[in-house]
Structures are given as C-alpha cells and as structure tokens.
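Source file: final_33.txt. Holds: compact mmCIF, C-alpha atoms.
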```
# COMPACT_ATOMS: atom_id res chain seq x y z
CA MET H 1 0.00 0.00 0.00
CA ASN H 2 1.42 3.37 -0.94
CA GLY H 3 1.90 6.34 1.35
CA THR H 4 -1.27 8.05 0.16
CA MET H 5 -3.45 5.03 0.94
CA LYS H 6 -2.04 4.86 4.48
CA GLN H 7 -3.83 8.14 5.15
CA GLU H 8 -7.25 6.57 4.46
CA ARG H 9 -8.18 6.31 8.17
CA LEU H 10 -7.20 9.88 9.01
CA TYR H 11 -10.36 11.94 8.80
CA GLN H 12 -12.24 14.76 10.42
CA GLU H 13 -15.99 14.95 10.92
CA ALA H 14 -17.70 17.95 9.39
CA LEU H 15 -21.20 19.14 8.54
CA ILE H 16 -21.44 19.53 4.77
CA ASP H 17 -24.50 20.68 2.86
CA SER H 18 -25.66 17.85 0.59
CA SER H 19 -25.67 20.24 -2.36
CA ASN H 20 -21.87 20.33 -2.08
CA LEU H 21 -21.39 16.55 -2.11
CA VAL H 22 -20.24 15.18 -5.47
CA ILE H 23 -21.17 11.62 -6.53
CA PRO H 24 -18.58 10.62 -9.20
CA ARG H 25 -20.78 8.22 -11.18
CA ASP H 26 -18.97 8.95 -14.43
CA THR H 27 -15.79 7.39 -13.03
CA TYR H 28 -16.00 4.84 -10.20
CA GLN H 29 -19.33 5.21 -8.39
CA ARG H 30 -22.31 2.96 -9.12
CA GLU H 31 -25.73 4.18 -10.20
CA LEU H 32 -28.14 5.18 -7.46
CA ASN H 33 -30.46 2.33 -6.45
CA ASN H 34 -33.82 3.97 -5.68
CA HIS H 35 -35.18 0.80 -4.09
CA ARG H 36 -32.30 0.78 -1.61
CA VAL H 37 -32.84 4.48 -0.92
CA SER H 38 -36.50 3.75 -0.10
CA GLN H 39 -35.51 0.90 2.22
CA ILE H 40 -33.02 3.07 4.10
CA ALA H 41 -35.52 5.92 4.39
CA ALA H 42 -38.27 3.61 5.64
CA HIS H 43 -36.11 2.28 8.47
CA PHE H 44 -33.89 5.27 9.10
CA ASP H 45 -32.64 5.65 12.67
CA GLU H 46 -30.32 8.57 13.38
CA ARG H 47 -28.84 6.70 16.35
CA VAL H 48 -27.26 4.03 14.16
CA ALA H 49 -26.86 5.85 10.85
CA ASN H 50 -23.36 5.87 9.39
CA GLU H 51 -21.64 9.04 8.31
CA PRO H 52 -20.93 9.18 4.57
CA LYS H 53 -17.23 9.04 3.70
CA VAL H 54 -16.01 11.80 1.44
CA SER H 55 -12.68 12.84 0.00
CA LYS H 56 -11.79 16.52 -0.03
CA ARG H 57 -9.92 16.98 -3.27
CA ASP H 58 -9.36 20.12 -5.33
CA GLY H 59 -11.75 22.04 -3.10
CA LYS H 60 -14.65 19.62 -3.64
CA PHE H 61 -16.15 16.80 -1.57
CA TYR H 62 -16.31 13.48 -3.44
CA VAL H 63 -18.45 10.72 -1.92
CA PHE H 64 -16.86 7.27 -2.07
CA ASP H 65 -19.10 5.59 0.53
CA GLY H 66 -22.64 6.51 1.54
CA GLN H 67 -24.42 7.96 -1.48
CA HIS H 68 -27.59 5.97 -0.66
CA THR H 69 -27.62 7.27 2.91
CA ILE H 70 -27.28 10.81 1.57
CA ALA H 71 -30.18 10.27 -0.83
CA ALA H 72 -32.30 8.77 1.98
CA ARG H 73 -31.64 11.75 4.25
CA LYS H 74 -32.70 14.12 1.45
CA ARG H 75 -35.84 12.07 0.82
CA LEU H 76 -36.78 12.29 4.48
CA ASN H 77 -36.23 16.05 4.19
CA GLY H 78 -38.75 16.39 1.37
CA ASP H 79 -36.07 15.91 -1.29
CA ARG H 80 -34.42 19.13 -0.18
CA ASP H 81 -30.72 19.58 0.52
CA LEU H 82 -29.60 19.61 4.13
CA PRO H 83 -26.40 19.61 6.22
CA ILE H 84 -25.03 16.07 6.71
CA LEU H 85 -22.32 14.99 9.13
CA CYS H 86 -19.57 13.34 7.07
CA LYS H 87 -16.20 11.76 7.59
CA VAL H 88 -13.87 13.90 5.51
CA TYR H 89 -10.61 12.38 4.26
CA THR H 90 -7.79 14.41 2.79
CA GLY H 91 -4.75 13.43 0.75
CA LEU H 92 -6.54 10.86 -1.41
CA THR H 93 -6.25 10.74 -5.17
CA GLU H 94 -9.21 9.86 -7.36
CA GLN H 95 -7.64 6.43 -7.87
CA ASP H 96 -7.38 5.98 -4.08
CA GLU H 97 -11.08 6.81 -3.78
CA ALA H 98 -11.94 4.27 -6.45
CA ARG H 99 -10.02 1.51 -4.65
CA LEU H 100 -11.64 2.37 -1.32
CA PHE H 101 -15.06 2.32 -2.95
CA ALA H 102 -14.34 -1.15 -4.38
CA GLU H 103 -13.19 -2.44 -1.00
CA GLN H 104 -16.26 -1.38 0.98
CA THR H 105 -17.12 -3.81 3.76
CA GLY H 106 -19.23 -3.94 6.89
CA THR H 107 -22.53 -2.08 6.86
CA SER H 108 -22.05 -0.62 3.38
CA ALA H 109 -24.14 -2.05 0.57
CA LYS H 110 -22.29 -4.84 -1.18
CA VAL H 111 -20.54 -3.58 -4.28
CA HIS H 112 -21.61 -5.74 -7.22
CA PRO H 113 -18.77 -7.42 -9.16
CA GLY H 114 -19.18 -5.23 -12.24
CA SER H 115 -19.07 -2.02 -10.22
CA LYS H 116 -16.16 -3.33 -8.17
CA ILE H 117 -14.08 -4.27 -11.22
CA ARG H 118 -14.87 -0.93 -12.87
CA ALA H 119 -13.71 0.92 -9.76
CA LEU H 120 -10.57 -1.21 -9.41
CA VAL H 121 -9.67 -0.66 -13.06
CA TYR H 122 -10.18 3.08 -12.65
CA GLY H 123 -8.09 2.92 -9.48
CA GLY H 124 -5.22 1.28 -11.35
CA ASP H 125 -5.43 -2.12 -9.65
CA GLU H 126 -2.99 -4.34 -11.56
CA ASP H 127 -5.00 -7.55 -11.17
CA ALA H 128 -8.27 -5.99 -12.35
CA MET H 129 -6.52 -4.31 -15.26
CA ALA H 130 -4.91 -7.63 -16.27
CA PHE H 131 -8.35 -9.28 -16.20
CA LEU H 132 -9.81 -6.53 -18.39
CA LYS H 133 -6.87 -6.68 -20.81
CA ALA H 134 -7.08 -10.48 -21.10
CA THR H 135 -10.81 -10.30 -21.84
CA GLU H 136 -10.42 -7.57 -24.45
CA SER H 137 -7.57 -9.46 -26.14
CA ALA H 138 -10.14 -12.10 -27.09
CA GLY H 139 -12.34 -9.45 -28.71
CA LEU H 140 -14.75 -9.30 -25.78
CA ARG H 141 -15.73 -6.66 -23.26
CA ILE H 142 -16.65 -6.73 -19.60
CA SER H 143 -20.17 -5.42 -19.00
CA PHE H 144 -19.71 -3.40 -15.82
CA ASN H 145 -23.48 -3.16 -15.34
CA GLN H 146 -23.61 -6.97 -15.65
CA SER H 147 -25.96 -7.01 -18.63
CA GLY H 148 -24.97 -9.55 -21.26
CA GLY H 149 -24.94 -8.86 -24.98
CA GLN H 150 -23.03 -9.44 -28.18
CA ASN H 151 -19.34 -9.74 -27.28
CA ARG H 152 -20.13 -8.63 -23.69
CA ILE H 153 -19.52 -10.70 -20.57
CA GLY H 154 -22.15 -9.96 -17.95
CA CYS H 155 -21.23 -12.76 -15.51
CA VAL H 156 -18.36 -10.69 -14.15
CA ALA H 157 -17.86 -12.61 -10.90
CA ALA H 158 -17.67 -15.99 -12.69
CA ALA H 159 -15.29 -14.69 -15.36
CA TYR H 160 -13.05 -13.03 -12.77
CA ALA H 161 -12.99 -16.24 -10.72
CA GLU H 162 -11.93 -18.23 -13.79
CA PHE H 163 -9.22 -15.70 -14.58
CA HIS H 164 -7.81 -16.28 -11.10
CA SER H 165 -8.30 -20.04 -11.21
CA VAL H 166 -6.56 -20.78 -14.51
CA GLY H 167 -4.34 -17.75 -15.14
CA ALA H 168 -4.37 -15.21 -17.94
CA GLU H 169 -3.11 -17.42 -20.77
CA ILE H 170 -5.59 -20.29 -20.35
CA TYR H 171 -8.39 -17.78 -19.69
CA LYS H 172 -7.61 -16.04 -22.99
CA GLU H 173 -7.34 -19.37 -24.79
CA ALA H 174 -10.78 -20.39 -23.53
CA LEU H 175 -12.39 -17.10 -24.55
CA ARG H 176 -10.87 -17.39 -28.01
CA VAL H 177 -12.32 -20.89 -28.38
CA ILE H 178 -15.75 -19.64 -27.32
CA THR H 179 -15.66 -16.69 -29.72
CA ALA H 180 -14.39 -18.92 -32.55
CA VAL H 181 -17.37 -21.21 -32.02
CA TRP H 182 -20.22 -18.78 -31.39
CA ASP H 183 -18.85 -15.43 -32.61
CA GLY H 184 -19.55 -13.60 -29.34
CA HIS H 185 -23.24 -14.55 -29.14
CA LYS H 186 -24.60 -13.37 -25.80
CA ASP H 187 -25.84 -16.85 -24.81
CA SER H 188 -22.34 -18.28 -25.26
CA LEU H 189 -20.93 -15.87 -22.67
CA ARG H 190 -22.90 -17.24 -19.74
CA ALA H 191 -21.12 -18.41 -16.60
CA GLU H 192 -21.78 -22.10 -17.34
CA THR H 193 -20.08 -21.98 -20.73
CA ILE H 194 -17.14 -19.87 -19.59
CA GLN H 195 -16.58 -22.14 -16.57
CA GLY H 196 -16.97 -25.34 -18.55
CA VAL H 197 -14.69 -24.44 -21.45
CA THR H 198 -12.07 -22.71 -19.29
CA GLU H 199 -11.79 -25.52 -16.75
CA PHE H 200 -11.80 -28.16 -19.52
CA ILE H 201 -8.85 -26.46 -21.19
CA LYS H 202 -7.03 -26.18 -17.87
CA LEU H 203 -7.59 -29.87 -17.12
CA TYR H 204 -6.64 -31.18 -20.56
CA HIS H 205 -4.32 -28.41 -21.69
CA SER H 206 -1.48 -30.63 -22.88
CA GLU H 207 -3.80 -33.22 -24.40
CA TYR H 208 -6.72 -31.63 -26.19
CA ASP H 209 -6.84 -30.53 -29.82
CA PRO H 210 -8.14 -26.93 -30.08
CA LYS H 211 -9.41 -27.46 -33.64
CA ARG H 212 -11.38 -30.52 -32.59
CA LEU H 213 -12.86 -28.67 -29.62
CA VAL H 214 -14.00 -25.78 -31.82
CA SER H 215 -15.40 -28.15 -34.43
CA ARG H 216 -17.34 -30.22 -31.88
CA LEU H 217 -18.71 -27.23 -30.00
CA HIS H 218 -19.77 -25.65 -33.28
CA ARG H 219 -22.42 -28.38 -33.61
CA CYS H 220 -24.12 -27.14 -30.42
CA ASP H 221 -26.20 -24.05 -29.83
CA PRO H 222 -24.81 -21.46 -27.37
CA LEU H 223 -27.04 -22.65 -24.52
CA TYR H 224 -26.34 -26.35 -24.94
CA ILE H 225 -23.80 -26.69 -22.11
CA SER H 226 -26.04 -24.93 -19.61
CA ARG H 227 -29.20 -26.78 -20.61
CA SER H 228 -27.57 -30.19 -20.87
CA ALA H 229 -25.91 -29.87 -17.47
CA LYS H 230 -29.21 -28.95 -15.83
CA ALA H 231 -31.15 -31.68 -17.63
CA SER H 232 -28.63 -34.41 -16.81
CA GLY H 233 -29.30 -34.23 -13.11
CA ASN H 234 -25.75 -35.35 -12.31
CA SER H 235 -24.46 -34.80 -8.79
CA LEU H 236 -21.11 -33.35 -9.78
CA PRO H 237 -20.27 -30.02 -8.12
CA VAL H 238 -20.03 -26.81 -10.11
CA PRO H 239 -18.10 -26.33 -12.36
CA GLN H 240 -17.37 -30.05 -12.89
CA ARG H 241 -20.85 -30.66 -14.31
CA TYR H 242 -20.06 -28.09 -17.03
CA ILE H 243 -16.60 -29.57 -17.68
CA PHE H 244 -18.31 -32.96 -18.03
CA GLU H 245 -20.60 -31.60 -20.75
CA VAL H 246 -17.64 -30.12 -22.65
CA TRP H 247 -15.76 -33.42 -22.25
CA LYS H 248 -18.73 -35.35 -23.72
CA ILE H 249 -19.00 -32.95 -26.64
CA TYR H 250 -15.27 -33.14 -27.32
CA ASN H 251 -15.17 -36.96 -27.34
CA GLY H 252 -18.47 -37.46 -29.15
CA THR H 253 -19.18 -41.01 -30.32
CA SER H 254 -15.71 -41.55 -31.78
CA LYS H 255 -13.27 -43.83 -30.00
CA ALA H 256 -10.25 -42.26 -31.68
CA ASN H 257 -8.19 -39.67 -29.80
CA THR H 258 -10.68 -39.42 -26.97
CA LEU H 259 -9.77 -37.95 -23.61
CA PRO H 260 -10.06 -39.89 -20.34
CA LEU H 261 -12.41 -38.72 -17.62
CA LYS H 262 -10.25 -37.10 -14.95
CA PHE H 263 -12.80 -36.13 -12.34
```
Turn the structure described in the file into structure tokens.
Amino acid sequence: MNGTMKQERLYQEALIDSSNLVIPRDTYQRELNNHRVSQIAAHFDERVANEPKVSKRDGKFYVFDGQHTIAARKRLNGDRDLPILCKVYTGLTEQDEARLFAEQTGTSAKVHPGSKIRALVYGGDEDAMAFLKATESAGLRISFNQSGGQNRIGCVAAAYAEFHSVGAEIYKEALRVITAVWDGHKDSLRAETIQGVTEFIKLYHSEYDPKRLVSRLHRCDPLYISRSAKASGNSLPVPQRYIFEVWKIYNGTSKANTLPLKF
C-alpha cells in the first residue's frame, strides 16, 4: 500500500451541505439504487446511521461511501438539501477513492462485481486491469453493469474467478475458443459456458486438440452446455458438471483420440 493510501483512516468529521457533495458516477461510483434508498428511508434511525465518507480533493467533496444514505436523508427532508455529518478524508487521489469504494465492507451495501471491477480498473489495480486486458484481447468486453450482450460478458464474478483459477493465458485461450465457435453470441458468454470451457482447457491443456474442440462445440447451440448440465441431473459439483458436458462434446461417439475422464 502506498503512502497516500495509508492516510485513508485519518479523517475529520464535518457538517457539509448535501448540495456540495459530489457523486462521481462517471468514473467509479455505481448508479443510485432507488429501491435501496427507499428501504433506508423507511427504516432510518439517526442513532445508528453511518456518516458518509467523502474525500476533499481540489476544493470539492467526493463521496466514495454513503451515497444511498445521503439520498435517503434528502428524501426524508422532502427531497431538499440539508447539512449532513460526514467523515472527511484528505490526501486521497481519485484512484485511491476508487479503490476504497471497491473495497467497501461492513454495513455498506455490497458492491456488485461489475461495479467493483470498474472501480478497481479506474483505481489502477494491476490484477483488475490484467483481467480486463485479457478479456479484451479475445475481442470481448466486460459489461460493468452486468448485462450480457453481443461480445459482452455480464457474468463478471464468474469470469473473474476463472481468470484467477486458470491464469491469464488459459483464460484467454478459452475465450478465443468460445468466440471462434459462437462469434460472441450473448448466450455463449454465460457463466456455465465460460466455466466449462475454461476448466476443460485447464484440465486437458497438454492433451486436447483446439481445432477438434472448436469443431465439436460448433455443432451445439450457445445454450447447450447450460441446458444439458441442468437436464442431466448429475451430482457433480459446479463447475465439474459443465466440464463434463464439454468433455462429452469433445469426445463425441468416436473412439479415436478421446480424452479420459479425470474427475
């Protein structure tokens, strides 16, 4: 942790008018969840409410934790601005703020994987940036709002977990296989397919034939792995049930150059 980040716990409490609080949604903050705001407002108790955390930078106050509490306080005040007691941190860069936002714990609302990765990338986190770079090298994009689409991965948590499980090179190899088969179709970028293909390649990396895998998978529709795994009713744990489906597709009915079952 650098010297700037060590200052993250040094703060002063100050009353700041909500009109002066900046929510940096164009960079690392998530969109406001009105349902959550309503829940907070409905059960608001000043005795246990947390002070929003803000960073004083360039003469402005940037909120990196507590935007929903701020919105709830305004709602309870007839949607009018009001003074709010905040924890004010100084000496943070915008990248520091982004990392702190991504690392929220405790009573803060859980940061969804897409928002967390977006904030970590903006904050310069090497691991998150490597994940993003590896994904984009296969011609795909990470959907930070977790909505799937053509060439967009919405299952951010599953993809990030696979990146960590198998490493960047095998992760990229798996994504390239998937895109070679289904050309970035949104249904091919579901967690089940990414897990199945990635873990299959990891398990059989020195044995499988990439051309055969692409050719065999090309005979299946993008949802086949997911549907077949659910319909089979096998008791294998995730993601082994998806690896099993890829293994069956790869071997087919041929007895030549088949791969042994390793799990």
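Proximity to Ile249 of chain H was assessed for H:Ser137, H:Ser147, H:Ser228, H:Asn34 counting only C-alpha atoms; the smallest distance is recorded for H:Ser228.
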| Between H:Ala159, H:Ile243, H:Leu203, H:Ala134, which has the minimum distance to Leu189 of chain H (counting all atoms listed in the file)? | H:Ala159
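Across the structure, atom CA of Tyr160 of chain H and atom CA of Asn33 of chain H are spaced 24.1 Å apart.
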| Can you list, as a list in words, every protein, DNA or RNA residue that comes within 12 Å of Ala138 of chain H when you count all atoms listed in the file, leaving out same-chain residues fewer than 5 positions away? | Phe131, Leu132, Lys133, Asn151, Arg152, Ile153, Ala168, Glu169, Ile170, Tyr171, Lys172, Glu173, Ala174, Leu175, Arg176, Val177, Ile178, Thr179, Ala180, Asp183 and Gly184 of chain H
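In terms of minimum interatomic distance to Ser19 of chain H, H:Asp81 ranks closest within H:Asp81, H:Asn50, H:Ala41, H:Ala72, counting only C-alpha atoms.
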| message | So that I can check the surroundings of Phe44 of chain H, please list as an MDAnalysis selection string every protein, DNA and RNA residue that reaches within 12 Å of it, counting all atoms listed in the file and ignoring chain neighbours fewer than 6 positions away. | response | chainID H and resid 36:38 50 68:76
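With all atoms listed in the file as the basis for measurement, H:Ser55 is the residue among H:Ala14, H:Arg118, H:Met129, H:Ser55 that approaches Glu94 of chain H most closely.
Between atom CA of Arg47 of chain H and atom CA of His35 of chain H lies a distance of 22.2 Å.
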| query | atom CA of Asp58 of chain H to atom CA of Glu126 of chain H: how many Å, to one decimal? | reply | 26.0 Å
Within 8 Å of Tyr250 of chain H using all atoms listed in the file, minus same-chain residues under 6 positions, as an mmCIF file with C-alpha atoms, keeping the file's coordinate frame:
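The result, written out as out.cif:
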```cif
data_model
loop_
_atom_site.group_PDB
_atom_site.id
_atom_site.type_symbol
_atom_site.label_atom_id
_atom_site.label_comp_id
_atom_site.auth_asym_id
_atom_site.auth_seq_id
_atom_site.Cartn_x
_atom_site.Cartn_y
_atom_site.Cartn_z
ATOM 1 C CA ARG H 212 -11.380 -30.520 -32.590
ATOM 2 C CA LEU H 213 -12.860 -28.670 -29.620
ATOM 3 C CA ARG H 216 -17.340 -30.220 -31.880
ATOM 4 C CA LEU H 217 -18.710 -27.230 -30.000
ATOM 5 C CA THR H 258 -10.680 -39.420 -26.970
#
```
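When all atoms listed in the file are used to compute distances to Arg241 of chain H, the closest of the residues H:Glu51, H:Glu192, H:Glu162, H:Glu13 turns out to be H:Glu192.
If only C-alpha atoms are the atoms counted, then among H:Ala256, H:Arg80, H:Tyr122, H:Ala157 the closest residue to Asp17 of chain H is H:Arg80.
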